[in-house]
>>> print(open('upload.pdb').read())   # PDB, C-alpha atoms, pLDDT in the B column
ATOM      1  CA  MET A   1     118.279  74.297  11.664  1.00 60.00           C
ATOM      2  CA  ALA A   2     118.915  77.842  10.461  1.00 86.00           C
ATOM      3  CA  ILE A   3     119.116  79.295  13.966  1.00 89.00           C
ATOM      4  CA  ARG A   4     122.185  78.371  16.010  1.00 91.00           C
ATOM      5  CA  VAL A   5     122.174  78.850  19.787  1.00 92.00           C
ATOM      6  CA  HIS A   6     125.358  80.115  21.429  1.00 92.00           C
ATOM      7  CA  LEU A   7     124.074  79.900  24.974  1.00 91.00           C
ATOM      8  CA  ASP A   8     127.081  77.854  26.115  1.00 90.00           C
ATOM      9  CA  ARG A   9     129.462  80.586  24.923  1.00 91.00           C
ATOM     10  CA  VAL A  10     127.499  83.365  26.677  1.00 91.00           C
ATOM     11  CA  MET A  11     127.266  81.235  29.822  1.00 91.00           C
ATOM     12  CA  LEU A  12     131.028  80.710  29.746  1.00 91.00           C
ATOM     13  CA  GLU A  13     131.632  84.447  29.363  1.00 91.00           C
ATOM     14  CA  ASN A  14     129.380  85.064  32.384  1.00 90.00           C
ATOM     15  CA  ARG A  15     130.853  82.118  34.332  1.00 90.00           C
ATOM     16  CA  LYS A  16     127.430  80.626  34.882  1.00 89.00           C
ATOM     17  CA  SER A  17     126.735  76.930  35.113  1.00 91.00           C
ATOM     18  CA  LEU A  18     123.623  75.315  33.646  1.00 91.00           C
ATOM     19  CA  THR A  19     122.229  74.523  37.083  1.00 91.00           C
ATOM     20  CA  GLN A  20     122.826  78.031  38.372  1.00 91.00           C
ATOM     21  CA  LEU A  21     121.289  79.694  35.301  1.00 92.00           C
ATOM     22  CA  ALA A  22     118.268  77.389  35.408  1.00 92.00           C
ATOM     23  CA  GLN A  23     117.689  78.347  39.037  1.00 91.00           C
ATOM     24  CA  ASP A  24     118.192  82.067  38.337  1.00 91.00           C
ATOM     25  CA  ILE A  25     115.686  82.273  35.482  1.00 91.00           C
ATOM     26  CA  ASP A  26     113.305  79.736  37.039  1.00 90.00           C
ATOM     27  CA  ILE A  27     113.130  77.077  34.316  1.00 90.00           C
ATOM     28  CA  THR A  28     113.981  73.412  34.560  1.00 91.00           C
ATOM     29  CA  MET A  29     117.498  72.242  33.814  1.00 91.00           C
ATOM     30  CA  SER A  30     116.233  69.830  31.151  1.00 91.00           C
ATOM     31  CA  ASN A  31     114.510  72.679  29.296  1.00 90.00           C
ATOM     32  CA  LEU A  32     117.616  74.833  29.471  1.00 92.00           C
ATOM     33  CA  SER A  33     119.656  71.889  28.245  1.00 92.00           C
ATOM     34  CA  ILE A  34     117.280  71.475  25.272  1.00 92.00           C
ATOM     35  CA  LEU A  35     117.808  75.156  24.437  1.00 92.00           C
ATOM     36  CA  LYS A  36     121.599  74.982  24.894  1.00 91.00           C
ATOM     37  CA  ASN A  37     121.907  71.894  22.695  1.00 91.00           C
ATOM     38  CA  ASN A  38     119.941  73.497  19.847  1.00 89.00           C
ATOM     39  CA  ARG A  39     117.000  71.067  20.119  1.00 89.00           C
ATOM     40  CA  ALA A  40     114.348  73.665  20.983  1.00 90.00           C
ATOM     41  CA  LYS A  41     111.610  74.419  18.441  1.00 89.00           C
ATOM     42  CA  ALA A  42     110.656  77.797  19.885  1.00 90.00           C
ATOM     43  CA  ILE A  43     111.434  80.166  22.743  1.00 91.00           C
ATOM     44  CA  ARG A  44     109.003  82.318  24.709  1.00 92.00           C
ATOM     45  CA  PHE A  45     109.693  86.070  24.965  1.00 94.00           C
ATOM     46  CA  SER A  46     109.484  85.734  28.752  1.00 92.00           C
ATOM     47  CA  THR A  47     112.280  83.111  28.733  1.00 92.00           C
ATOM     48  CA  LEU A  48     114.378  85.229  26.355  1.00 93.00           C
ATOM     49  CA  ASP A  49     113.819  88.278  28.528  1.00 93.00           C
ATOM     50  CA  ALA A  50     114.939  86.388  31.637  1.00 92.00           C
ATOM     51  CA  LEU A  51     117.999  84.990  29.840  1.00 93.00           C
ATOM     52  CA  CYS A  52     119.102  88.389  28.531  1.00 93.00           C
ATOM     53  CA  LYS A  53     118.534  90.012  31.931  1.00 92.00           C
ATOM     54  CA  GLU A  54     120.509  87.320  33.781  1.00 91.00           C
ATOM     55  CA  LEU A  55     123.343  87.077  31.285  1.00 91.00           C
ATOM     56  CA  GLY A  56     123.472  90.812  30.525  1.00 91.00           C
ATOM     57  CA  CYS A  57     123.385  90.308  26.779  1.00 91.00           C
ATOM     58  CA  GLN A  58     121.262  90.896  23.657  1.00 92.00           C
ATOM     59  CA  PRO A  59     119.199  88.162  21.902  1.00 92.00           C
ATOM     60  CA  GLY A  60     121.677  88.426  19.019  1.00 92.00           C
ATOM     61  CA  ASP A  61     124.486  87.305  21.322  1.00 91.00           C
ATOM     62  CA  ILE A  62     122.625  84.051  22.061  1.00 92.00           C
ATOM     63  CA  PHE A  63     121.197  83.317  18.611  1.00 92.00           C
ATOM     64  CA  GLU A  64     122.797  83.372  15.188  1.00 92.00           C
ATOM     65  CA  TYR A  65     120.988  83.023  11.883  1.00 92.00           C
ATOM     66  CA  ILE A  66     122.754  80.739   9.413  1.00 89.00           C
ATOM     67  CA  PRO A  67     121.161  80.621   5.938  1.00 86.00           C
ATOM     68  CA  ASP A  68     120.601  77.118   4.561  1.00 78.00           C
ATOM     69  CA  GLU A  69     122.400  76.314   1.327  1.00 73.00           C
ATOM     70  CA  SER A  70     119.103  75.042  -0.130  1.00 68.00           C
ATOM     71  CA  ASP A  71     117.526  78.517   0.351  1.00 59.00           C
ATOM     72  CA  ASP A  72     119.558  79.984  -2.548  1.00 55.00           C
TER      73      ASP A  72
ATOM     74  CA  MET B   1      72.126  38.491  -1.335  1.00 37.00           C
ATOM     75  CA  THR B   2      75.696  38.362  -0.086  1.00 41.00           C
ATOM     76  CA  LEU B   3      77.632  35.170  -0.517  1.00 45.00           C
ATOM     77  CA  ASN B   4      79.197  33.963   2.698  1.00 49.00           C
ATOM     78  CA  LEU B   5      82.716  32.996   1.635  1.00 50.00           C
ATOM     79  CA  TYR B   6      83.430  30.942   4.727  1.00 51.00           C
ATOM     80  CA  SER B   7      80.256  28.894   4.282  1.00 52.00           C
ATOM     81  CA  LEU B   8      81.210  28.379   0.669  1.00 53.00           C
ATOM     82  CA  LEU B   9      84.724  27.199   1.529  1.00 52.00           C
ATOM     83  CA  ASN B  10      83.324  25.010   4.281  1.00 54.00           C
ATOM     84  CA  SER B  11      80.883  23.374   1.905  1.00 51.00           C
ATOM     85  CA  LEU B  12      83.548  22.906  -0.775  1.00 52.00           C
ATOM     86  CA  PHE B  13      85.909  21.226   1.684  1.00 49.00           C
ATOM     87  CA  ASN B  14      83.050  18.972   2.784  1.00 51.00           C
ATOM     88  CA  PRO B  15      83.898  15.337   1.886  1.00 43.00           C
ATOM     89  CA  ASP B  16      80.322  14.916   0.608  1.00 46.00           C
ATOM     90  CA  PHE B  17      81.019  17.482  -2.070  1.00 44.00           C
ATOM     91  CA  LEU B  18      84.382  16.013  -3.016  1.00 42.00           C
ATOM     92  CA  GLY B  19      82.786  12.577  -3.258  1.00 42.00           C
ATOM     93  CA  HIS B  20      79.985  14.056  -5.390  1.00 45.00           C
ATOM     94  CA  ALA B  21      77.348  12.703  -3.005  1.00 43.00           C
ATOM     95  CA  SER B  22      75.514  16.000  -2.388  1.00 51.00           C
ATOM     96  CA  THR B  23      76.445  19.558  -1.708  1.00 58.00           C
ATOM     97  CA  HIS B  24      74.984  22.697  -0.277  1.00 61.00           C
ATOM     98  CA  VAL B  25      75.685  26.412  -0.508  1.00 61.00           C
ATOM     99  CA  SER B  26      74.855  28.727   2.386  1.00 60.00           C
ATOM    100  CA  PHE B  27      74.286  32.447   2.109  1.00 61.00           C
ATOM    101  CA  ALA B  28      74.748  35.146   4.718  1.00 59.00           C
ATOM    102  CA  THR B  29      70.974  35.492   5.027  1.00 64.00           C
ATOM    103  CA  GLY B  30      70.824  31.894   6.313  1.00 71.00           C
ATOM    104  CA  LEU B  31      69.405  30.567   3.048  1.00 73.00           C
ATOM    105  CA  THR B  32      70.919  27.177   2.138  1.00 75.00           C
ATOM    106  CA  PHE B  33      70.661  25.328  -1.154  1.00 71.00           C
ATOM    107  CA  LYS B  34      71.141  21.568  -1.280  1.00 74.00           C
ATOM    108  CA  ILE B  35      72.113  20.390  -4.750  1.00 73.00           C
ATOM    109  CA  ALA B  36      71.821  16.815  -5.954  1.00 77.00           C
ATOM    110  CA  PRO B  37      75.201  15.366  -7.088  1.00 76.00           C
ATOM    111  CA  GLU B  38      74.092  14.835 -10.697  1.00 77.00           C
ATOM    112  CA  TYR B  39      73.677  18.611 -11.103  1.00 78.00           C
ATOM    113  CA  ALA B  40      77.004  19.577  -9.505  1.00 75.00           C
ATOM    114  CA  ASN B  41      79.951  20.319 -11.797  1.00 75.00           C
ATOM    115  CA  PRO B  42      83.467  19.635 -10.493  1.00 69.00           C
ATOM    116  CA  GLY B  43      83.994  23.374 -10.857  1.00 64.00           C
ATOM    117  CA  ASN B  44      86.903  25.354 -12.120  1.00 73.00           C
ATOM    118  CA  SER B  45      89.897  24.319  -9.994  1.00 78.00           C
ATOM    119  CA  ALA B  46      91.936  27.402 -11.006  1.00 81.00           C
ATOM    120  CA  LEU B  47      89.136  29.644  -9.739  1.00 82.00           C
ATOM    121  CA  PHE B  48      89.005  27.632  -6.541  1.00 81.00           C
ATOM    122  CA  VAL B  49      92.759  28.091  -5.955  1.00 85.00           C
ATOM    123  CA  VAL B  50      92.447  31.854  -6.532  1.00 84.00           C
ATOM    124  CA  LEU B  51      89.432  31.942  -4.205  1.00 83.00           C
ATOM    125  CA  ALA B  52      91.290  30.026  -1.488  1.00 84.00           C
ATOM    126  CA  ILE B  53      94.368  32.286  -1.774  1.00 87.00           C
ATOM    127  CA  LEU B  54      92.209  35.429  -1.581  1.00 85.00           C
ATOM    128  CA  GLY B  55      90.309  34.000   1.364  1.00 80.00           C
ATOM    129  CA  PHE B  56      93.438  33.077   3.311  1.00 84.00           C
ATOM    130  CA  ILE B  57      95.335  36.290   2.514  1.00 87.00           C
ATOM    131  CA  THR B  58      92.887  38.327   4.604  1.00 85.00           C
ATOM    132  CA  THR B  59      93.955  36.404   7.741  1.00 87.00           C
ATOM    133  CA  PRO B  60      97.497  37.885   8.014  1.00 92.00           C
ATOM    134  CA  ILE B  61      96.053  41.327   7.232  1.00 93.00           C
ATOM    135  CA  SER B  62      93.572  40.949  10.106  1.00 91.00           C
ATOM    136  CA  MET B  63      96.387  39.754  12.391  1.00 94.00           C
ATOM    137  CA  PHE B  64      98.486  42.765  11.374  1.00 95.00           C
ATOM    138  CA  ILE B  65      95.601  45.116  12.259  1.00 96.00           C
ATOM    139  CA  ILE B  66      95.140  43.370  15.641  1.00 96.00           C
ATOM    140  CA  TYR B  67      98.905  43.630  16.318  1.00 97.00           C
ATOM    141  CA  GLN B  68      98.887  47.366  15.568  1.00 96.00           C
ATOM    142  CA  LEU B  69      95.784  47.884  17.741  1.00 96.00           C
ATOM    143  CA  ARG B  70      97.489  46.006  20.587  1.00 96.00           C
ATOM    144  CA  ALA B  71     100.586  48.214  20.265  1.00 96.00           C
ATOM    145  CA  LEU B  72      98.341  51.302  20.250  1.00 95.00           C
ATOM    146  CA  PHE B  73      96.523  50.261  23.427  1.00 95.00           C
ATOM    147  CA  GLN B  74      99.854  49.457  25.095  1.00 95.00           C
ATOM    148  CA  ALA B  75     101.073  52.982  24.257  1.00 94.00           C
ATOM    149  CA  PHE B  76      97.825  54.464  25.604  1.00 93.00           C
ATOM    150  CA  THR B  77      98.152  52.568  28.883  1.00 94.00           C
ATOM    151  CA  ARG B  78     101.708  53.965  29.205  1.00 93.00           C
ATOM    152  CA  LYS B  79     100.131  57.440  28.819  1.00 90.00           C
ATOM    153  CA  GLN B  80     101.935  57.946  25.508  1.00 88.00           C
ATOM    154  CA  LEU B  81      98.994  59.572  23.763  1.00 88.00           C
ATOM    155  CA  LEU B  82      99.944  62.120  21.112  1.00 89.00           C
ATOM    156  CA  MET B  83     103.027  60.385  19.722  1.00 90.00           C
ATOM    157  CA  LEU B  84     104.093  60.295  16.077  1.00 92.00           C
ATOM    158  CA  GLN B  85     104.584  56.522  16.376  1.00 94.00           C
ATOM    159  CA  ASN B  86     100.875  56.136  17.237  1.00 95.00           C
ATOM    160  CA  ALA B  87      99.893  58.242  14.215  1.00 95.00           C
ATOM    161  CA  LYS B  88     102.019  55.936  12.041  1.00 96.00           C
ATOM    162  CA  ARG B  89     100.285  52.878  13.513  1.00 96.00           C
ATOM    163  CA  ILE B  90      96.803  54.334  12.890  1.00 97.00           C
ATOM    164  CA  ARG B  91      97.833  55.097   9.293  1.00 97.00           C
ATOM    165  CA  LEU B  92      99.032  51.505   8.829  1.00 97.00           C
ATOM    166  CA  ILE B  93      95.679  50.250  10.162  1.00 97.00           C
ATOM    167  CA  GLY B  94      93.913  52.459   7.608  1.00 97.00           C
ATOM    168  CA  PHE B  95      96.053  51.158   4.730  1.00 97.00           C
ATOM    169  CA  ALA B  96      95.581  47.554   5.881  1.00 96.00           C
ATOM    170  CA  THR B  97      91.798  48.059   6.012  1.00 96.00           C
ATOM    171  CA  VAL B  98      91.786  49.373   2.434  1.00 96.00           C
ATOM    172  CA  VAL B  99      93.948  46.427   1.266  1.00 95.00           C
ATOM    173  CA  ALA B 100      91.693  43.969   3.134  1.00 93.00           C
ATOM    174  CA  TRP B 101      88.678  45.560   1.435  1.00 93.00           C
ATOM    175  CA  ALA B 102      90.289  45.087  -2.002  1.00 92.00           C
ATOM    176  CA  PHE B 103      90.990  41.405  -1.276  1.00 91.00           C
ATOM    177  CA  SER B 104      87.502  40.791   0.122  1.00 89.00           C
ATOM    178  CA  VAL B 105      85.905  42.379  -2.970  1.00 90.00           C
ATOM    179  CA  ALA B 106      88.118  40.234  -5.219  1.00 89.00           C
ATOM    180  CA  ALA B 107      87.248  37.111  -3.181  1.00 87.00           C
ATOM    181  CA  ASP B 108      83.545  37.948  -3.427  1.00 86.00           C
ATOM    182  CA  PHE B 109      83.818  38.362  -7.200  1.00 86.00           C
ATOM    183  CA  VAL B 110      85.796  35.137  -7.726  1.00 86.00           C
ATOM    184  CA  GLY B 111      83.525  33.258  -5.301  1.00 83.00           C
ATOM    185  CA  ARG B 112      80.433  34.244  -7.260  1.00 84.00           C
ATOM    186  CA  SER B 113      82.046  33.129 -10.526  1.00 83.00           C
ATOM    187  CA  TYR B 114      83.037  29.832  -8.924  1.00 81.00           C
ATOM    188  CA  VAL B 115      79.529  29.131  -7.627  1.00 80.00           C
ATOM    189  CA  ILE B 116      77.940  29.980 -10.996  1.00 81.00           C
ATOM    190  CA  ASN B 117      80.343  27.595 -12.774  1.00 79.00           C
ATOM    191  CA  SER B 118      79.912  24.840 -10.204  1.00 77.00           C
ATOM    192  CA  PHE B 119      76.275  23.873 -10.889  1.00 76.00           C
ATOM    193  CA  ASN B 120      74.405  22.814 -13.981  1.00 79.00           C
ATOM    194  CA  ILE B 121      70.720  22.542 -13.194  1.00 78.00           C
ATOM    195  CA  PRO B 122      68.313  22.210 -16.170  1.00 81.00           C
ATOM    196  CA  GLY B 123      65.799  25.040 -16.219  1.00 82.00           C
ATOM    197  CA  VAL B 124      67.727  27.065 -13.662  1.00 79.00           C
ATOM    198  CA  GLU B 125      70.022  29.868 -14.677  1.00 80.00           C
ATOM    199  CA  LEU B 126      72.295  31.111 -11.937  1.00 78.00           C
ATOM    200  CA  THR B 127      73.355  34.732 -12.374  1.00 81.00           C
ATOM    201  CA  SER B 128      74.983  37.161 -10.003  1.00 80.00           C
ATOM    202  CA  THR B 129      74.905  40.942  -9.950  1.00 82.00           C
ATOM    203  CA  PHE B 130      78.217  42.020  -8.519  1.00 79.00           C
ATOM    204  CA  VAL B 131      77.837  45.131  -6.380  1.00 83.00           C
ATOM    205  CA  PRO B 132      80.937  45.737  -4.241  1.00 84.00           C
ATOM    206  CA  ASP B 133      80.331  46.708  -0.624  1.00 86.00           C
ATOM    207  CA  PHE B 134      82.150  50.008  -0.087  1.00 92.00           C
ATOM    208  CA  PHE B 135      81.569  50.219   3.670  1.00 93.00           C
ATOM    209  CA  MET B 136      84.987  48.783   4.578  1.00 92.00           C
ATOM    210  CA  LEU B 137      86.700  51.096   2.062  1.00 95.00           C
ATOM    211  CA  PHE B 138      85.031  54.155   3.615  1.00 96.00           C
ATOM    212  CA  LEU B 139      86.026  52.847   7.037  1.00 95.00           C
ATOM    213  CA  GLY B 140      89.665  52.586   5.903  1.00 96.00           C
ATOM    214  CA  ILE B 141      89.607  56.099   4.434  1.00 97.00           C
ATOM    215  CA  ILE B 142      88.075  57.506   7.651  1.00 97.00           C
ATOM    216  CA  VAL B 143      90.867  55.811   9.651  1.00 97.00           C
ATOM    217  CA  LEU B 144      93.449  57.388   7.298  1.00 97.00           C
ATOM    218  CA  VAL B 145      91.884  60.828   7.860  1.00 97.00           C
ATOM    219  CA  ILE B 146      91.947  60.279  11.638  1.00 96.00           C
ATOM    220  CA  ALA B 147      95.614  59.222  11.350  1.00 97.00           C
ATOM    221  CA  GLU B 148      96.436  62.465   9.546  1.00 97.00           C
ATOM    222  CA  ILE B 149      94.661  64.538  12.229  1.00 96.00           C
ATOM    223  CA  TYR B 150      96.488  62.534  14.899  1.00 96.00           C
ATOM    224  CA  ARG B 151      99.843  63.161  13.177  1.00 95.00           C
ATOM    225  CA  MET B 152      99.186  66.914  13.108  1.00 95.00           C
ATOM    226  CA  ALA B 153      98.185  66.863  16.790  1.00 95.00           C
ATOM    227  CA  ALA B 154     101.353  64.923  17.661  1.00 94.00           C
ATOM    228  CA  GLU B 155     103.466  67.493  15.795  1.00 92.00           C
ATOM    229  CA  ILE B 156     101.765  70.356  17.676  1.00 92.00           C
ATOM    230  CA  ARG B 157     102.384  68.551  20.986  1.00 91.00           C
ATOM    231  CA  GLU B 158     106.038  67.997  20.094  1.00 88.00           C
ATOM    232  CA  GLU B 159     106.444  71.659  19.174  1.00 88.00           C
ATOM    233  CA  SER B 160     104.784  72.681  22.429  1.00 89.00           C
ATOM    234  CA  ASP B 161     107.086  70.342  24.393  1.00 86.00           C
ATOM    235  CA  PHE B 162     110.149  71.899  22.779  1.00 88.00           C
ATOM    236  CA  THR B 163     109.043  75.476  23.384  1.00 89.00           C
ATOM    237  CA  ILE B 164     111.221  76.809  26.169  1.00 86.00           C
TER     238      ILE B 164
END
>>> encode(input="upload.pdb", output="structure tokens")
Amino acid sequence: MAIRVHLDRVMLENRKSLTQLAQDIDITMSNLSILKNNRAKAIRFSTLDALCKELGCQPGDIFEYIPDESDD
Amino acid sequence: MTLNLYSLLNSLFNPDFLGHASTHVSFATGLTFKIAPEYANPGNSALFVVLAILGFITTPISMFIIYQLRALFQAFTRKQLLMLQNAKRIRLIGFATVVAWAFSVAADFVGRSYVINSFNIPGVELTSTFVPDFFMLFLGIIVLVIAEIYRMAAEIREESDFTI
């Protein structure tokens, strides 16, 4: 996967647990876990908006693009 | 006229035929020929072995298709509808149908040759125009197309499930 999710790091910086964040942005804990563990295939803008609002960060703080070696 | 392979095998395994007393050949249309023993050749045993192998090989293929269908229905009853595993099973059924078609066409061809070589009746010339039945092949290809559509649907479902 070329996109790496750093949700755990941002959550740690904001001292938010998975359960608390899931409740705050109104999504299930299993879905948030899928996102945190980099297993998600896509993310809705509404979810991203809620995450950024709750964690006080930019999308770039949560996601990082890592080019694949095969792309060269 | 389509030769009924099972009737043919049944008549060849008949002790009357092996004892050269009399024999008969049945066709799918219900037409049966009784041949007097003096006009029956022992037949080509190599052809008979090939025919028997081809005839019996279709049985495990049919069982494989039934097993896959059973697994599919079990998945459906567990409400596991658009799964990649199901798409794989449907694709296997399609491949098995195409393979079964190839064996049945080969068995039909060998069976006709065997029957033609088995009888020697003065004044009667037995010929066979071999026209393969493509219905089962088309059926197999249609199943393969459905499997591909199913696979794409399963991928879309998976993507939708993992959209947060």
>>> atom_distance(input="upload.pdb", atom1="CA of Phe162 (chain B)", atom2="CA of Lys36 (chain A)")
12.0 Å
>>> atom_distance(input="upload.pdb", atom1="CA of Val99 (chain B)", atom2="CA of Leu144 (chain B)")
12.5 Å
>>> resolve_selection(input="upload.pdb", expression="the ChimeraX specification (/A :<9) & /B", output="ChimeraX atom specification")
/B:158-164
>>> resolve_selection(input="upload.pdb", expression="the PyMOL selection byres ((chain B and resi 62-75) around 8)", output="MDAnalysis selection string")
chainID B and resid 58:61 76:81 86 89:90 92:93 96:97 100
>>> residues_around(input="upload.pdb", residues="Tyr39 (chain B)", least_positions_apart="5", cutoff="6 Å", atoms="only C-alpha atoms", output="count of residues only")
3
>>> resolve_selection(input="upload.pdb", expression="the PyMOL selection byres ((chain B and resi 101) around 12)", output="PyMOL selection string")
chain B and resi 54-55+57-58+61-62+94-100+102-108+132-141
>>> write_last_selection(input="upload.pdb", atoms="C-alpha atoms", output="mmCIF file, in the frame of the given file")
data_model
loop_
_atom_site.group_PDB
_atom_site.id
_atom_site.type_symbol
_atom_site.label_atom_id
_atom_site.label_comp_id
_atom_site.auth_asym_id
_atom_site.auth_seq_id
_atom_site.Cartn_x
_atom_site.Cartn_y
_atom_site.Cartn_z
ATOM 1 C CA LEU B 54 92.209 35.429 -1.581
ATOM 2 C CA GLY B 55 90.309 34.000 1.364
ATOM 3 C CA ILE B 57 95.335 36.290 2.514
ATOM 4 C CA THR B 58 92.887 38.327 4.604
ATOM 5 C CA ILE B 61 96.053 41.327 7.232
ATOM 6 C CA SER B 62 93.572 40.949 10.106
ATOM 7 C CA GLY B 94 93.913 52.459 7.608
ATOM 8 C CA PHE B 95 96.053 51.158 4.730
ATOM 9 C CA ALA B 96 95.581 47.554 5.881
ATOM 10 C CA THR B 97 91.798 48.059 6.012
ATOM 11 C CA VAL B 98 91.786 49.373 2.434
ATOM 12 C CA VAL B 99 93.948 46.427 1.266
ATOM 13 C CA ALA B 100 91.693 43.969 3.134
ATOM 14 C CA ALA B 102 90.289 45.087 -2.002
ATOM 15 C CA PHE B 103 90.990 41.405 -1.276
ATOM 16 C CA SER B 104 87.502 40.791 0.122
ATOM 17 C CA VAL B 105 85.905 42.379 -2.970
ATOM 18 C CA ALA B 106 88.118 40.234 -5.219
ATOM 19 C CA ALA B 107 87.248 37.111 -3.181
ATOM 20 C CA ASP B 108 83.545 37.948 -3.427
ATOM 21 C CA PRO B 132 80.937 45.737 -4.241
ATOM 22 C CA ASP B 133 80.331 46.708 -0.624
ATOM 23 C CA PHE B 134 82.150 50.008 -0.087
ATOM 24 C CA PHE B 135 81.569 50.219 3.670
ATOM 25 C CA MET B 136 84.987 48.783 4.578
ATOM 26 C CA LEU B 137 86.700 51.096 2.062
ATOM 27 C CA PHE B 138 85.031 54.155 3.615
ATOM 28 C CA LEU B 139 86.026 52.847 7.037
ATOM 29 C CA GLY B 140 89.665 52.586 5.903
ATOM 30 C CA ILE B 141 89.607 56.099 4.434
#
>>> residues_around(input="upload.pdb", residues="Glu64 (chain A)", least_positions_apart="6", cutoff="9 Å", atoms="all atoms listed in the file", output="PyMOL selection string")
chain A and resi 2-6
>>> residues_around(input="upload.pdb", residues="Asp61 (chain A)", least_positions_apart="2", cutoff="10 Å", atoms="all atoms listed in the file", output="number ranges by chain")
A: 5-7, 9-10, 52, 56-59, 63-64
>>> atom_distance(input="upload.pdb", atom1="CA of Phe48 (chain B)", atom2="CA of Gly123 (chain B)")
25.3 Å
>>> residues_around(input="upload.pdb", residues="Glu125 (chain B)", least_positions_apart="6", cutoff="12 Å", atoms="all atoms listed in the file", output="MDAnalysis selection string")
chainID B and resid 115:119
>>> build_atoms(input="upload.pdb", residues="region 13-25 of chain A", atoms="N, CA, C and O atoms", output="mmCIF file, keeping the file's coordinate frame")
data_model
loop_
_atom_site.group_PDB
_atom_site.id
_atom_site.type_symbol
_atom_site.label_atom_id
_atom_site.label_comp_id
_atom_site.auth_asym_id
_atom_site.auth_seq_id
_atom_site.Cartn_x
_atom_site.Cartn_y
_atom_site.Cartn_z
ATOM 1 N N GLU A 13 131.174 83.065 29.182
ATOM 2 C CA GLU A 13 131.632 84.447 29.363
ATOM 3 C C GLU A 13 131.165 85.010 30.709
ATOM 4 O O GLU A 13 131.853 85.819 31.323
ATOM 5 N N ASN A 14 129.953 84.573 31.121
ATOM 6 C CA ASN A 14 129.380 85.064 32.384
ATOM 7 C C ASN A 14 129.709 84.156 33.568
ATOM 8 O O ASN A 14 129.235 84.411 34.676
ATOM 9 N N ARG A 15 130.471 83.095 33.296
ATOM 10 C CA ARG A 15 130.853 82.118 34.332
ATOM 11 C C ARG A 15 129.621 81.585 35.078
ATOM 12 O O ARG A 15 129.551 81.583 36.305
ATOM 13 N N LYS A 16 128.659 81.176 34.291
ATOM 14 C CA LYS A 16 127.430 80.626 34.882
ATOM 15 C C LYS A 16 127.299 79.161 34.480
ATOM 16 O O LYS A 16 127.486 78.815 33.310
ATOM 17 N N SER A 17 126.968 78.342 35.448
ATOM 18 C CA SER A 17 126.735 76.930 35.113
ATOM 19 C C SER A 17 125.272 76.750 34.703
ATOM 20 O O SER A 17 124.430 77.617 34.948
ATOM 21 N N LEU A 18 124.991 75.611 34.103
ATOM 22 C CA LEU A 18 123.623 75.315 33.646
ATOM 23 C C LEU A 18 122.646 75.282 34.826
ATOM 24 O O LEU A 18 121.556 75.857 34.757
ATOM 25 N N THR A 19 123.082 74.642 35.894
ATOM 26 C CA THR A 19 122.229 74.523 37.083
ATOM 27 C C THR A 19 121.927 75.899 37.677
ATOM 28 O O THR A 19 120.780 76.209 38.001
ATOM 29 N N GLN A 20 122.978 76.702 37.766
ATOM 30 C CA GLN A 20 122.826 78.031 38.372
ATOM 31 C C GLN A 20 121.905 78.914 37.523
ATOM 32 O O GLN A 20 120.999 79.573 38.056
ATOM 33 N N LEU A 21 122.113 78.880 36.202
ATOM 34 C CA LEU A 21 121.289 79.694 35.301
ATOM 35 C C LEU A 21 119.826 79.246 35.334
ATOM 36 O O LEU A 21 118.915 80.071 35.361
ATOM 37 N N ALA A 22 119.636 77.935 35.369
ATOM 38 C CA ALA A 22 118.268 77.389 35.408
ATOM 39 C C ALA A 22 117.551 77.869 36.668
ATOM 40 O O ALA A 22 116.376 78.231 36.629
ATOM 41 N N GLN A 23 118.279 77.877 37.774
ATOM 42 C CA GLN A 23 117.689 78.347 39.037
ATOM 43 C C GLN A 23 117.401 79.848 38.970
ATOM 44 O O GLN A 23 116.344 80.307 39.403
ATOM 45 N N ASP A 24 118.332 80.606 38.389
ATOM 46 C CA ASP A 24 118.192 82.067 38.337
ATOM 47 C C ASP A 24 117.006 82.511 37.471
ATOM 48 O O ASP A 24 116.342 83.498 37.789
ATOM 49 N N ILE A 25 116.777 81.829 36.364
ATOM 50 C CA ILE A 25 115.686 82.273 35.482
ATOM 51 C C ILE A 25 114.423 81.421 35.662
ATOM 52 O O ILE A 25 113.445 81.569 34.923
#
